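Participant: This is structure01.csv (CSV, C-alpha atoms).
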chain,number,residue,atom,x,y,z
A,1,MET,CA,40.4,-22.0,34.9
A,2,GLU,CA,43.6,-20.8,33.3
A,3,THR,CA,45.8,-23.5,32.0
A,4,GLN,CA,49.3,-23.6,30.7
A,5,THR,CA,51.2,-25.4,28.0
A,6,VAL,CA,53.8,-27.9,29.3
A,7,PRO,CA,56.3,-29.1,26.7
A,8,GLU,CA,57.2,-32.8,26.8
A,9,GLY,CA,60.2,-33.7,28.9
A,10,THR,CA,59.4,-31.0,31.4
A,11,VAL,CA,60.1,-31.9,35.1
A,12,LEU,CA,56.8,-31.5,36.9
A,13,ASP,CA,57.0,-30.4,40.5
A,14,ARG,CA,54.6,-31.4,43.2
A,15,ARG,CA,52.3,-28.4,42.9
A,16,THR,CA,52.0,-28.7,39.2
A,17,LEU,CA,51.0,-32.4,39.6
A,18,ASN,CA,48.6,-31.4,42.4
A,19,ARG,CA,46.7,-28.7,40.4
A,20,SER,CA,46.5,-31.0,37.4
A,21,LEU,CA,45.1,-33.8,39.5
A,22,LEU,CA,42.5,-31.5,41.1
A,23,ALA,CA,41.4,-30.2,37.7
A,24,ARG,CA,40.9,-33.7,36.3
A,25,GLN,CA,39.0,-34.7,39.5
A,26,PHE,CA,36.5,-31.8,39.4
A,27,LEU,CA,37.9,-30.4,42.6
A,28,LEU,CA,39.2,-26.9,41.5
A,29,ARG,CA,35.6,-25.9,41.0
A,30,ARG,CA,32.3,-27.9,41.1
A,31,ALA,CA,31.3,-28.9,37.7
A,32,ASP,CA,27.8,-28.5,36.1
A,33,VAL,CA,27.7,-32.1,34.8
A,34,SER,CA,25.7,-35.2,35.6
A,35,ALA,CA,26.7,-37.8,38.2
A,36,GLU,CA,26.9,-40.4,35.5
A,37,HIS,CA,29.5,-38.2,33.7
A,38,VAL,CA,31.6,-37.9,36.8
A,39,VAL,CA,31.4,-41.5,37.8
A,40,GLY,CA,32.4,-42.5,34.2
A,41,HIS,CA,35.2,-40.0,33.9
A,42,LEU,CA,36.7,-41.1,37.3
A,43,VAL,CA,36.5,-44.7,36.2
A,44,GLY,CA,34.3,-45.4,39.2
A,45,LEU,CA,34.2,-44.4,42.9
A,46,GLN,CA,35.6,-46.7,45.6
A,47,ALA,CA,32.5,-47.5,47.6
A,48,GLN,CA,32.9,-50.2,50.3
A,49,GLU,CA,31.3,-47.5,52.6
A,50,PRO,CA,27.9,-47.3,50.8
A,51,GLN,CA,27.3,-43.6,51.5
A,52,ASP,CA,30.8,-42.4,50.6
A,53,PRO,CA,30.1,-41.9,46.8
A,54,TYR,CA,27.5,-39.3,47.7
A,55,VAL,CA,30.0,-37.1,49.5
A,56,ALA,CA,32.5,-37.7,46.7
A,57,LEU,CA,30.0,-36.4,44.1
A,58,TRP,CA,28.7,-33.6,46.3
A,59,SER,CA,32.2,-32.2,46.5
A,60,ARG,CA,32.6,-32.3,42.7
A,61,ILE,CA,29.2,-31.5,41.2
A,62,ALA,CA,27.3,-28.2,41.4
A,63,ASP,CA,23.9,-28.6,43.0
A,64,PHE,CA,24.3,-32.4,43.3
A,65,ALA,CA,21.1,-34.2,44.3
A,66,PRO,CA,21.6,-37.6,46.0
A,67,ASP,CA,18.5,-38.9,44.3
A,68,GLU,CA,20.4,-38.7,41.0
A,69,LEU,CA,22.9,-41.4,42.1
A,70,SER,CA,20.2,-43.4,43.9
A,71,GLY,CA,18.2,-43.4,40.7
A,72,MET,CA,21.2,-44.7,38.7
A,73,LEU,CA,21.5,-47.6,41.1
A,74,ALA,CA,17.8,-48.3,41.2
A,75,ASP,CA,17.5,-48.1,37.3
A,76,ARG,CA,20.6,-50.3,36.9
A,77,ARG,CA,22.5,-47.6,35.2
A,78,ALA,CA,25.2,-48.0,37.9
A,79,VAL,CA,26.2,-50.9,40.0
A,80,ARG,CA,28.4,-51.7,43.1
A,81,MET,CA,30.9,-54.5,42.6
A,82,SER,CA,34.4,-55.7,43.4
A,83,LEU,CA,36.7,-54.3,40.8
A,84,LEU,CA,40.0,-52.4,41.0
A,85,ARG,CA,42.4,-53.7,43.7
A,86,TRP,CA,39.6,-56.2,44.7
A,87,THR,CA,37.7,-53.4,46.4
A,88,VAL,CA,34.1,-52.4,46.0
A,89,HIS,CA,33.6,-49.7,43.4
A,90,LEU,CA,30.5,-47.9,42.2
A,91,VAL,CA,30.7,-47.8,38.4
A,92,THR,CA,28.4,-47.2,35.5
A,93,ALA,CA,26.7,-50.2,34.0
A,94,GLU,CA,28.8,-49.7,30.9
A,95,ASP,CA,32.0,-49.7,32.9
A,96,CYS,CA,30.9,-52.8,34.8
A,97,MET,CA,30.9,-54.7,31.5
A,98,VAL,CA,34.2,-53.2,30.3
A,99,LEU,CA,36.2,-53.2,33.5
A,100,ARG,CA,35.3,-56.5,35.1
A,101,PRO,CA,37.0,-58.6,32.4
A,102,VAL,CA,40.1,-56.4,32.6
A,103,VAL,CA,40.5,-57.0,36.4
A,104,GLN,CA,39.6,-60.8,36.3
A,105,GLY,CA,43.3,-61.7,36.8
A,106,VAL,CA,43.6,-59.2,39.7
A,107,LEU,CA,40.7,-60.8,41.6
A,108,GLU,CA,41.9,-64.3,41.1
A,109,ARG,CA,45.5,-63.4,42.1
A,110,ARG,CA,44.4,-61.6,45.2
A,111,LEU,CA,42.0,-64.4,46.1
A,112,LEU,CA,44.8,-66.9,46.1
A,113,GLY,CA,47.2,-64.5,47.7
A,114,GLN,CA,44.9,-64.4,50.7
A,115,PHE,CA,43.3,-67.9,50.7
A,116,ARG,CA,45.6,-70.2,48.9
A,117,ARG,CA,45.9,-72.6,51.8
A,118,GLN,CA,42.1,-72.7,52.4
A,119,LEU,CA,41.4,-73.4,48.7
A,120,ALA,CA,44.2,-75.8,48.1
A,121,GLY,CA,43.1,-78.9,46.1
A,122,LEU,CA,39.8,-77.5,45.0
A,123,ASP,CA,38.7,-77.1,41.4
A,124,LEU,CA,37.8,-73.4,41.5
A,125,ALA,CA,35.8,-73.6,38.2
A,126,GLU,CA,33.6,-76.3,39.9
A,127,VAL,CA,33.2,-74.1,43.0
A,128,ALA,CA,32.2,-71.1,40.7
A,129,GLU,CA,29.6,-73.2,38.9
A,130,ALA,CA,28.2,-74.4,42.2
A,131,GLY,CA,28.0,-70.8,43.4
A,132,ARG,CA,26.3,-69.7,40.2
A,133,ALA,CA,23.6,-72.4,40.8
A,134,LEU,CA,23.1,-71.2,44.4
A,135,LEU,CA,22.6,-67.6,43.1
A,136,ALA,CA,20.2,-68.6,40.4
A,137,PRO,CA,17.0,-68.3,42.6
A,138,GLY,CA,18.0,-64.8,43.7
A,139,PRO,CA,20.6,-62.6,45.5
A,140,LEU,CA,22.3,-63.9,48.5
A,141,PRO,CA,24.7,-62.5,51.2
A,142,VAL,CA,28.2,-63.9,51.1
A,143,SER,CA,27.6,-65.7,54.4
A,144,ARG,CA,24.6,-67.7,53.0
A,145,LEU,CA,26.4,-68.4,49.7
A,146,GLY,CA,29.2,-69.8,51.8
A,147,ASP,CA,26.7,-71.9,53.8
A,148,GLY,CA,25.3,-73.4,50.6
A,149,LEU,CA,28.8,-74.2,49.3
A,150,ARG,CA,29.8,-75.9,52.6
A,151,GLU,CA,27.0,-78.4,52.0
A,152,ARG,CA,29.1,-79.7,49.1
A,153,TRP,CA,32.5,-79.0,50.7
A,154,PRO,CA,31.9,-79.4,54.5
A,155,ASP,CA,35.5,-79.5,55.3
A,156,ARG,CA,36.1,-76.0,53.9
A,157,GLU,CA,35.6,-72.5,55.3
A,158,ARG,CA,32.6,-70.6,54.0
A,159,LEU,CA,34.3,-67.2,53.4
A,160,PRO,CA,37.0,-68.5,51.1
A,161,LEU,CA,34.5,-70.6,49.2
A,162,SER,CA,32.1,-67.7,48.7
A,163,LEU,CA,34.9,-65.3,47.6
A,164,ALA,CA,36.1,-67.9,45.2
A,165,VAL,CA,32.7,-67.7,43.6
A,166,THR,CA,32.6,-63.9,43.4
A,167,ALA,CA,36.2,-63.8,42.0
A,168,ARG,CA,35.1,-66.1,39.2
A,169,VAL,CA,31.5,-65.1,38.7
A,170,PRO,CA,31.0,-61.3,38.2
A,171,THR,CA,28.5,-60.2,40.8
A,172,VAL,CA,27.0,-56.9,41.8
A,173,GLN,CA,25.4,-55.7,45.1
A,174,PRO,CA,21.8,-54.7,44.2
A,175,PRO,CA,19.8,-52.0,46.0
A,176,PRO,CA,18.8,-51.1,48.6
A,177,ARG,CA,22.5,-51.3,49.4
A,178,GLY,CA,24.1,-48.1,48.3
A,179,LEU,CA,20.9,-46.0,48.1
A,180,TRP,CA,21.0,-42.5,49.8
A,181,ARG,CA,20.5,-42.7,53.5
A,182,THR,CA,19.3,-46.3,53.2
A,183,SER,CA,20.8,-49.4,54.9
A,184,GLY,CA,20.8,-52.8,53.3
A,185,THR,CA,22.5,-56.1,53.4
A,186,ALA,CA,25.4,-56.6,50.9
A,187,LEU,CA,23.8,-59.2,48.6
A,188,GLN,CA,25.4,-60.8,45.6
A,189,THR,CA,23.8,-61.4,42.3
A,190,PRO,CA,25.3,-62.2,38.9
A,191,ALA,CA,26.0,-59.0,36.9
A,192,GLU,CA,24.9,-60.6,33.6
A,193,ARG,CA,21.5,-61.3,35.0
A,194,TRP,CA,21.1,-57.9,36.7
A,195,LEU,CA,22.1,-55.9,33.6
A,196,GLY,CA,20.8,-58.3,31.0
A,197,ARG,CA,24.1,-58.3,29.1
A,198,ALA,CA,26.9,-60.8,28.5
A,199,PHE,CA,30.6,-60.1,29.3
A,200,ASP,CA,33.3,-60.2,26.6
A,201,PHE,CA,36.3,-61.7,28.3
A,202,ALA,CA,38.2,-61.8,25.0
A,203,GLY,CA,38.3,-58.0,24.5
A,204,GLY,CA,42.0,-57.5,23.9
A,205,ALA,CA,42.0,-53.7,23.7
A,206,ALA,CA,40.3,-53.1,27.0
A,207,PRO,CA,43.4,-52.8,29.2
A,208,ASP,CA,44.9,-50.2,26.9
A,209,ARG,CA,41.7,-48.1,27.0
A,210,THR,CA,41.5,-48.5,30.8
A,211,VAL,CA,45.1,-47.1,31.2
A,212,LEU,CA,44.2,-44.1,29.0
A,213,ARG,CA,41.1,-43.4,31.0
A,214,TYR,CA,43.2,-43.6,34.2
A,215,LEU,CA,45.7,-41.1,32.9
A,216,ALA,CA,42.9,-38.7,31.8
A,217,ALA,CA,41.5,-38.8,35.4
A,218,PHE,CA,44.7,-39.2,37.5
A,219,GLY,CA,47.7,-38.4,35.3
A,220,PRO,CA,50.4,-37.6,34.6
A,221,ALA,CA,51.5,-40.9,36.1
A,222,THR,CA,54.2,-43.5,36.3
A,223,VAL,CA,53.8,-47.2,35.4
A,224,LYS,CA,53.8,-47.9,39.2
A,225,ASP,CA,51.0,-45.4,39.7
A,226,VAL,CA,48.9,-47.2,37.1
A,227,ALA,CA,49.6,-50.6,38.8
A,228,VAL,CA,48.7,-49.3,42.3
A,229,TRP,CA,45.4,-47.9,41.0
A,230,SER,CA,44.4,-50.9,39.0
A,231,GLY,CA,46.1,-53.9,40.7
A,232,LEU,CA,47.1,-55.0,37.2
A,233,THR,CA,50.3,-56.7,36.3
A,234,GLY,CA,52.1,-56.2,33.0
A,235,VAL,CA,51.4,-52.4,33.0
A,236,ARG,CA,54.8,-51.6,31.5
A,237,ALA,CA,53.9,-53.6,28.3
A,238,VAL,CA,50.6,-51.7,28.0
A,239,VAL,CA,52.3,-48.3,28.4
A,240,ASP,CA,55.0,-49.2,25.9
A,241,ARG,CA,52.2,-50.0,23.4
A,242,LEU,CA,50.5,-46.7,24.1
A,243,ARG,CA,53.7,-44.6,24.3
A,244,PRO,CA,53.7,-43.3,20.7
A,245,GLY,CA,50.4,-41.5,21.4
A,246,LEU,CA,51.3,-40.3,24.9
A,247,ARG,CA,53.0,-37.2,26.3
A,248,VAL,CA,56.0,-38.0,28.5
A,249,TYR,CA,57.3,-35.9,31.4
A,250,ARG,CA,59.4,-36.5,34.5
A,251,ASP,CA,58.9,-36.0,38.2
A,252,GLU,CA,61.4,-34.4,40.6
A,253,ASN,CA,62.9,-37.8,41.2
A,254,GLY,CA,63.5,-38.5,37.5
A,255,ALA,CA,60.7,-41.0,37.0
A,256,GLU,CA,58.9,-40.9,33.7
A,257,LEU,CA,55.3,-39.6,33.8
A,258,TYR,CA,52.9,-40.5,31.0
A,259,ASP,CA,49.9,-38.5,30.0
A,260,VAL,CA,47.1,-38.2,27.4
A,261,PRO,CA,47.3,-35.3,25.0
A,262,GLY,CA,45.3,-32.2,25.8
A,263,ALA,CA,45.0,-32.9,29.5
A,264,PRO,CA,44.7,-29.7,31.7
A,265,PHE,CA,47.7,-28.1,33.5
A,266,PRO,CA,46.5,-25.3,35.7
A,267,ALA,CA,49.3,-22.9,36.9
A,268,PRO,CA,50.9,-24.2,40.2
A,269,GLY,CA,49.6,-21.1,42.0
A,270,THR,CA,46.0,-21.6,41.0
A,271,PRO,CA,43.8,-21.0,44.1
A,272,THR,CA,42.1,-24.1,45.5
A,273,PRO,CA,38.9,-24.3,47.6
A,274,PRO,CA,38.6,-26.5,50.7
A,275,ARG,CA,37.1,-29.8,50.0
A,276,PHE,CA,35.7,-32.6,52.2
A,277,LEU,CA,36.2,-36.1,50.7
A,278,PRO,CA,35.3,-39.6,52.0
A,279,GLN,CA,38.0,-41.8,53.5
A,280,TYR,CA,38.5,-44.1,50.5
A,281,ASP,CA,38.3,-41.4,47.8
A,282,ASN,CA,40.5,-42.6,44.9
A,283,ILE,CA,42.2,-39.3,44.6
A,284,ALA,CA,44.4,-40.2,47.6
A,285,LEU,CA,44.8,-43.9,46.9
A,286,SER,CA,45.7,-44.1,43.2
A,287,HIS,CA,49.4,-43.3,43.0
A,288,ALA,CA,52.5,-45.2,44.2
A,289,ASP,CA,53.9,-41.8,45.1
A,290,ARG,CA,51.1,-39.9,46.9
A,291,SER,CA,53.0,-36.7,47.5
A,292,ARG,CA,51.0,-34.9,44.8
A,293,ILE,CA,48.1,-35.0,47.2
A,294,VAL,CA,49.4,-36.2,50.6
A,295,LEU,CA,52.2,-34.0,52.0
A,296,PRO,CA,55.2,-35.9,53.5
A,297,ALA,CA,56.0,-35.6,57.2
A,298,PRO,CA,57.6,-32.2,57.9
A,299,HIS,CA,60.8,-33.7,59.3
A,300,ALA,CA,62.4,-37.0,60.0
A,301,GLY,CA,61.0,-38.7,63.1
A,302,ALA,CA,57.7,-36.7,63.0
A,303,PRO,CA,54.6,-38.7,63.9
A,304,VAL,CA,52.8,-40.0,60.8
A,305,PRO,CA,49.1,-38.8,61.0
A,306,ALA,CA,46.2,-41.1,60.0
A,307,LEU,CA,46.0,-41.0,56.2
A,308,PRO,CA,43.1,-41.5,53.7
A,309,GLY,CA,42.2,-45.1,53.4
A,310,SER,CA,43.7,-46.1,56.7
A,311,GLY,CA,40.4,-47.5,58.0
A,312,SER,CA,40.0,-44.8,60.5
A,313,ASN,CA,36.3,-44.3,59.6
A,314,ARG,CA,37.0,-40.7,58.9
A,315,GLY,CA,37.1,-38.7,55.7
A,316,PHE,CA,39.8,-36.3,54.8
A,317,PHE,CA,39.9,-32.6,53.8
A,318,LEU,CA,42.0,-30.7,51.3
A,319,HIS,CA,43.5,-27.3,52.1
A,320,ASP,CA,45.6,-25.6,49.4
A,321,GLY,CA,45.0,-28.8,47.4
A,322,PHE,CA,46.6,-31.2,49.8
A,323,VAL,CA,45.4,-33.5,52.5
A,324,HIS,CA,45.6,-31.5,55.8
A,325,GLY,CA,43.5,-33.5,58.1
A,326,LEU,CA,40.5,-35.7,58.8
A,327,TRP,CA,36.8,-35.2,59.5
A,328,ARG,CA,33.8,-37.1,60.8
A,329,ILE,CA,30.2,-36.3,61.5
A,330,GLU,CA,28.4,-37.3,64.8
A,331,SER,CA,24.7,-37.1,64.9
A,332,SER,CA,22.6,-37.3,68.1
A,333,ARG,CA,19.2,-36.2,69.2
A,334,GLY,CA,18.5,-34.2,66.1
A,335,ALA,CA,21.8,-32.4,66.1
A,336,ALA,CA,24.9,-32.9,64.0
A,337,VAL,CA,28.5,-32.0,64.7
A,338,LEU,CA,31.3,-32.0,62.1
A,339,HIS,CA,34.6,-32.7,63.8
A,340,VAL,CA,37.5,-31.3,61.8
A,341,LEU,CA,40.9,-32.6,62.9
A,342,PRO,CA,43.8,-30.8,61.2
A,343,HIS,CA,47.2,-32.5,61.0
A,344,ALA,CA,48.8,-29.1,61.8
A,345,PRO,CA,47.6,-25.6,62.8
A,346,LEU,CA,45.8,-23.8,60.0
A,347,PRO,CA,45.7,-20.1,59.2
A,348,ARG,CA,42.6,-18.3,60.4
A,349,ALA,CA,41.4,-17.7,56.8
A,350,ALA,CA,41.8,-21.4,56.1
A,351,ARG,CA,39.8,-22.3,59.2
A,352,ASP,CA,37.0,-19.9,58.2
A,353,ALA,CA,36.9,-21.3,54.7
A,354,LEU,CA,36.8,-24.9,56.0
A,355,ALA,CA,34.1,-24.0,58.5
A,356,ALA,CA,31.9,-22.5,55.7
A,357,GLU,CA,32.4,-25.5,53.5
A,358,GLY,CA,31.7,-27.7,56.6
A,359,GLU,CA,28.4,-26.0,57.2
A,360,ARG,CA,27.4,-26.8,53.6
A,361,LEU,CA,28.5,-30.4,54.1
A,362,LEU,CA,26.3,-30.7,57.2
A,363,ALA,CA,23.3,-29.3,55.3
A,364,PHE,CA,23.9,-32.0,52.7
A,365,ALA,CA,24.9,-35.0,54.8
A,366,ALA,CA,22.7,-34.4,57.8
A,367,PRO,CA,19.4,-33.0,56.5
A,368,GLY,CA,16.6,-32.6,59.0
A,369,THR,CA,18.9,-31.9,61.9
A,370,THR,CA,17.9,-28.9,64.0
A,371,GLY,CA,21.4,-28.0,65.3
A,372,ARG,CA,24.5,-28.1,63.2
A,373,GLU,CA,28.1,-27.2,64.4
A,374,VAL,CA,31.5,-27.3,62.9
A,375,ARG,CA,34.0,-28.1,65.6
A,376,PHE,CA,37.8,-27.9,65.2
A,377,THR,CA,40.0,-30.3,67.2
A,378,ALA,CA,43.6,-29.1,67.5
Just give me the structure of the file as structure tokens.
Facilitator:
Amino acid sequence: METQTVPEGTVLDRRTLNRSLLARQFLLRRADVSAEHVVGHLVGLQAQEPQDPYVALWSRIADFAPDELSGMLADRRAVRMSLLRWTVHLVTAEDCMVLRPVVQGVLERRLLGQFRRQLAGLDLAEVAEAGRALLAPGPLPVSRLGDGLRERWPDRERLPLSLAVTARVPTVQPPPRGLWRTSGTALQTPAERWLGRAFDFAGGAAPDRTVLRYLAAFGPATVKDVAVWSGLTGVRAVVDRLRPGLRVYRDENGAELYDVPGAPFPAPGTPTPPRFLPQYDNIALSHADRSRIVLPAPHAGAPVPALPGSGSNRGFFLHDGFVHGLWRIESSRGAAVLHVLPHAPLPRAARDALAAEGERLLAFAAPGTTGREVRFTA
């Protein structure tokens, strides 16, 4: 991959930001690295859909084997837990211990933002300790945790009570949830017990390090971008502390973009392969201005297509580095069909490249099927 030197102060256009993002996300070419390396570099994978991380890694790693990620979860080298933006992420065990204290305030703020009325008048520290005691015998689903808490607070709703516990007590979702092609109830168990380590909630440098890692994987980025990705408040103060060691650019709207030294800048015209990504892939959800990966509507009044993360239960695909449509797989009677739904007509060569990549996706995601088909829906 040929890269270019970009002087500080340069105005970075959309295609430059796009190619830089793809390079940092292992999407210009599949990398010959481990799943643990990619999960760590990307600061976790959003994973409320348990099978999504497998497709995310398949699109980024050469010869990715699903058992590698399943083994990380089974061996407790990776965990699934609520982290950034109060969404479920799959992270390395090391990042669980580092990131969970960083986002503690995010979880509590969003808990009260959604359930302030239902939790009014409660001592949340007391609720957390009651929840910890209920989890001591073993993992529980949120519903049963809530039932146990209602025995003590019968006039309260079980979901806010149980979420008050998981916001205060760091918990993970143990396997079989999240293993390859395996279903399992979302159970909760204290992370410290699962990993045999104690959290350090006094680590003052952790937010700064987290922002630097975000920039390495998603930059260059604005302060608002960092806040959208992390859910953190006070990002401006963190960036101001880091600024002497950062590179500073501007976007086409004049906003300052911050970056770590030595990050890659491929040429704007660098060819990009088609890629299929899961619906909640962080590449499309981690910037306040998503135009570096999601193209704006072609003209005022044009219908807005379903976008990544919209809850459509469909993944999205990249053409020329940008989101150009959605996809989903339907399996029935031993056959699998990949439905590709472009937002706009694609050139023939692009359709052919997508179809070839789609056939590879079906071989990965629907093994054992006797009939596979890539079907485009206009």
Participant: May I have the residues within 7 Å of Val260 (chain A) as a PyMOL selection string, using all atoms listed in the file and disregarding those fewer than 2 positions away in the same chain?
Facilitator: chain A and resi 212+215-216+246-247+262-263
Participant: Let's have the selection written as an mmCIF file, in the frame of the given file, with C-alpha atoms.
Facilitator:
data_model
loop_
_atom_site.group_PDB
_atom_site.id
_atom_site.type_symbol
_atom_site.label_atom_id
_atom_site.label_comp_id
_atom_site.auth_asym_id
_atom_site.auth_seq_id
_atom_site.Cartn_x
_atom_site.Cartn_y
_atom_site.Cartn_z
ATOM 1 C CA LEU A 212 44.200 -44.100 29.000
ATOM 2 C CA LEU A 215 45.700 -41.100 32.900
ATOM 3 C CA ALA A 216 42.900 -38.700 31.800
ATOM 4 C CA LEU A 246 51.300 -40.300 24.900
ATOM 5 C CA ARG A 247 53.000 -37.200 26.300
ATOM 6 C CA GLY A 262 45.300 -32.200 25.800
ATOM 7 C CA ALA A 263 45.000 -32.900 29.500
#
Participant: Which protein, DNA or RNA residues are at most 7 Å from (34.8, -23.8, 49.1) in the file's coordinates when you count only C-alpha atoms, listed as a list in words?
Facilitator: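 Applying the cut-off with only C-alpha atoms, one gets Pro273, Pro274, Arg275, Ala353 and Glu357 of chain A.
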Participant: Each side padded by 3 Å, which centre and which edge lengths in Å (one decimal) define the axis-aligned box around the listed atoms of region 106-111 of chain A? Give them as lines of an AutoDock Vina configuration file.
Facilitator:
center_x = 43.1
center_y = -61.8
center_z = 42.9
size_x = 10.8
size_y = 11.2
size_z = 12.4
Participant: Nearest residue to Ala78 (chain A) out of A:Leu124, A:Ala133, A:Ala363, A:Leu90, using all atoms listed in the file?
Facilitator: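 Residue with the minimum atom-to-atom distance to Ala78 (chain A): A:Leu90.
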Participant: Between A:Thr377, A:Ser286, A:Gln279, A:Ser34, single out the one closest to Glu68 (chain A), counting only C-alpha atoms.
Facilitator: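 The closest residue to Glu68 (chain A) is A:Ser34.
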Participant: At a cut-off of 8 Å, using all atoms listed in the file, what residues contact Phe199 (chain A)? Leave out same-chain residues fewer than 4 positions from it and give the result as a PyMOL selection string.
Facilitator: chain A and resi 97-98+101+192
Participant: As a VMD selection string, please: the residues near Ala186 (chain A) (cut-off 8 Å, only C-alpha atoms, same-chain neighbours under 5 positions excluded).
Facilitator: chain A and resid 141 to 142 173 to 174 177
Participant: What would the list of residues within 6 Å of (26.6, -60.6, 44.8) (file frame) look like as a ChimeraX atom specification, if all atoms listed in the file are what count?
Facilitator: /A:171-173,187-189
Participant: Choose the residue, out of A:Arg314, A:Arg360, A:Arg250, A:His343, that has the smallest atom-to-atom separation from Tyr280 (chain A); count all atoms listed in the file.
Facilitator: A:Arg314
Participant: Find, counting only C-alpha atoms, the residue in A:Val43, A:Ala35, A:Leu73, A:Leu149 that gets nearest to His89 (chain A).
Facilitator: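 Checking each candidate against His89 (chain A), we get A:Val43 as the closest.
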Participant: Near Ala336 (chain A), within 12 Å and counting only C-alpha atoms, which residues show up once chain neighbours fewer than 6 positions away are dropped, as a ChimeraX atom specification?
Facilitator: /A:328-330,358-359,361-375
Participant: Mind checking which residues fall within 10 Å of Glu8 (chain A), counting only C-alpha atoms, ignoring those fewer than 2 positions away in the same chain, and posting them as a PyMOL selection string?
Facilitator: chain A and resi 5-6+10-11+246-250+257-259
Participant: Check the smallest atom-to-atom distance from each of A:Thr3, A:Asn282, A:Ser20, A:Thr87 to Gly315 (chain A) using all atoms listed in the file, then report the winner.
Facilitator: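 Looking at the shortest contact to Gly315 (chain A), the residue is A:Asn282.
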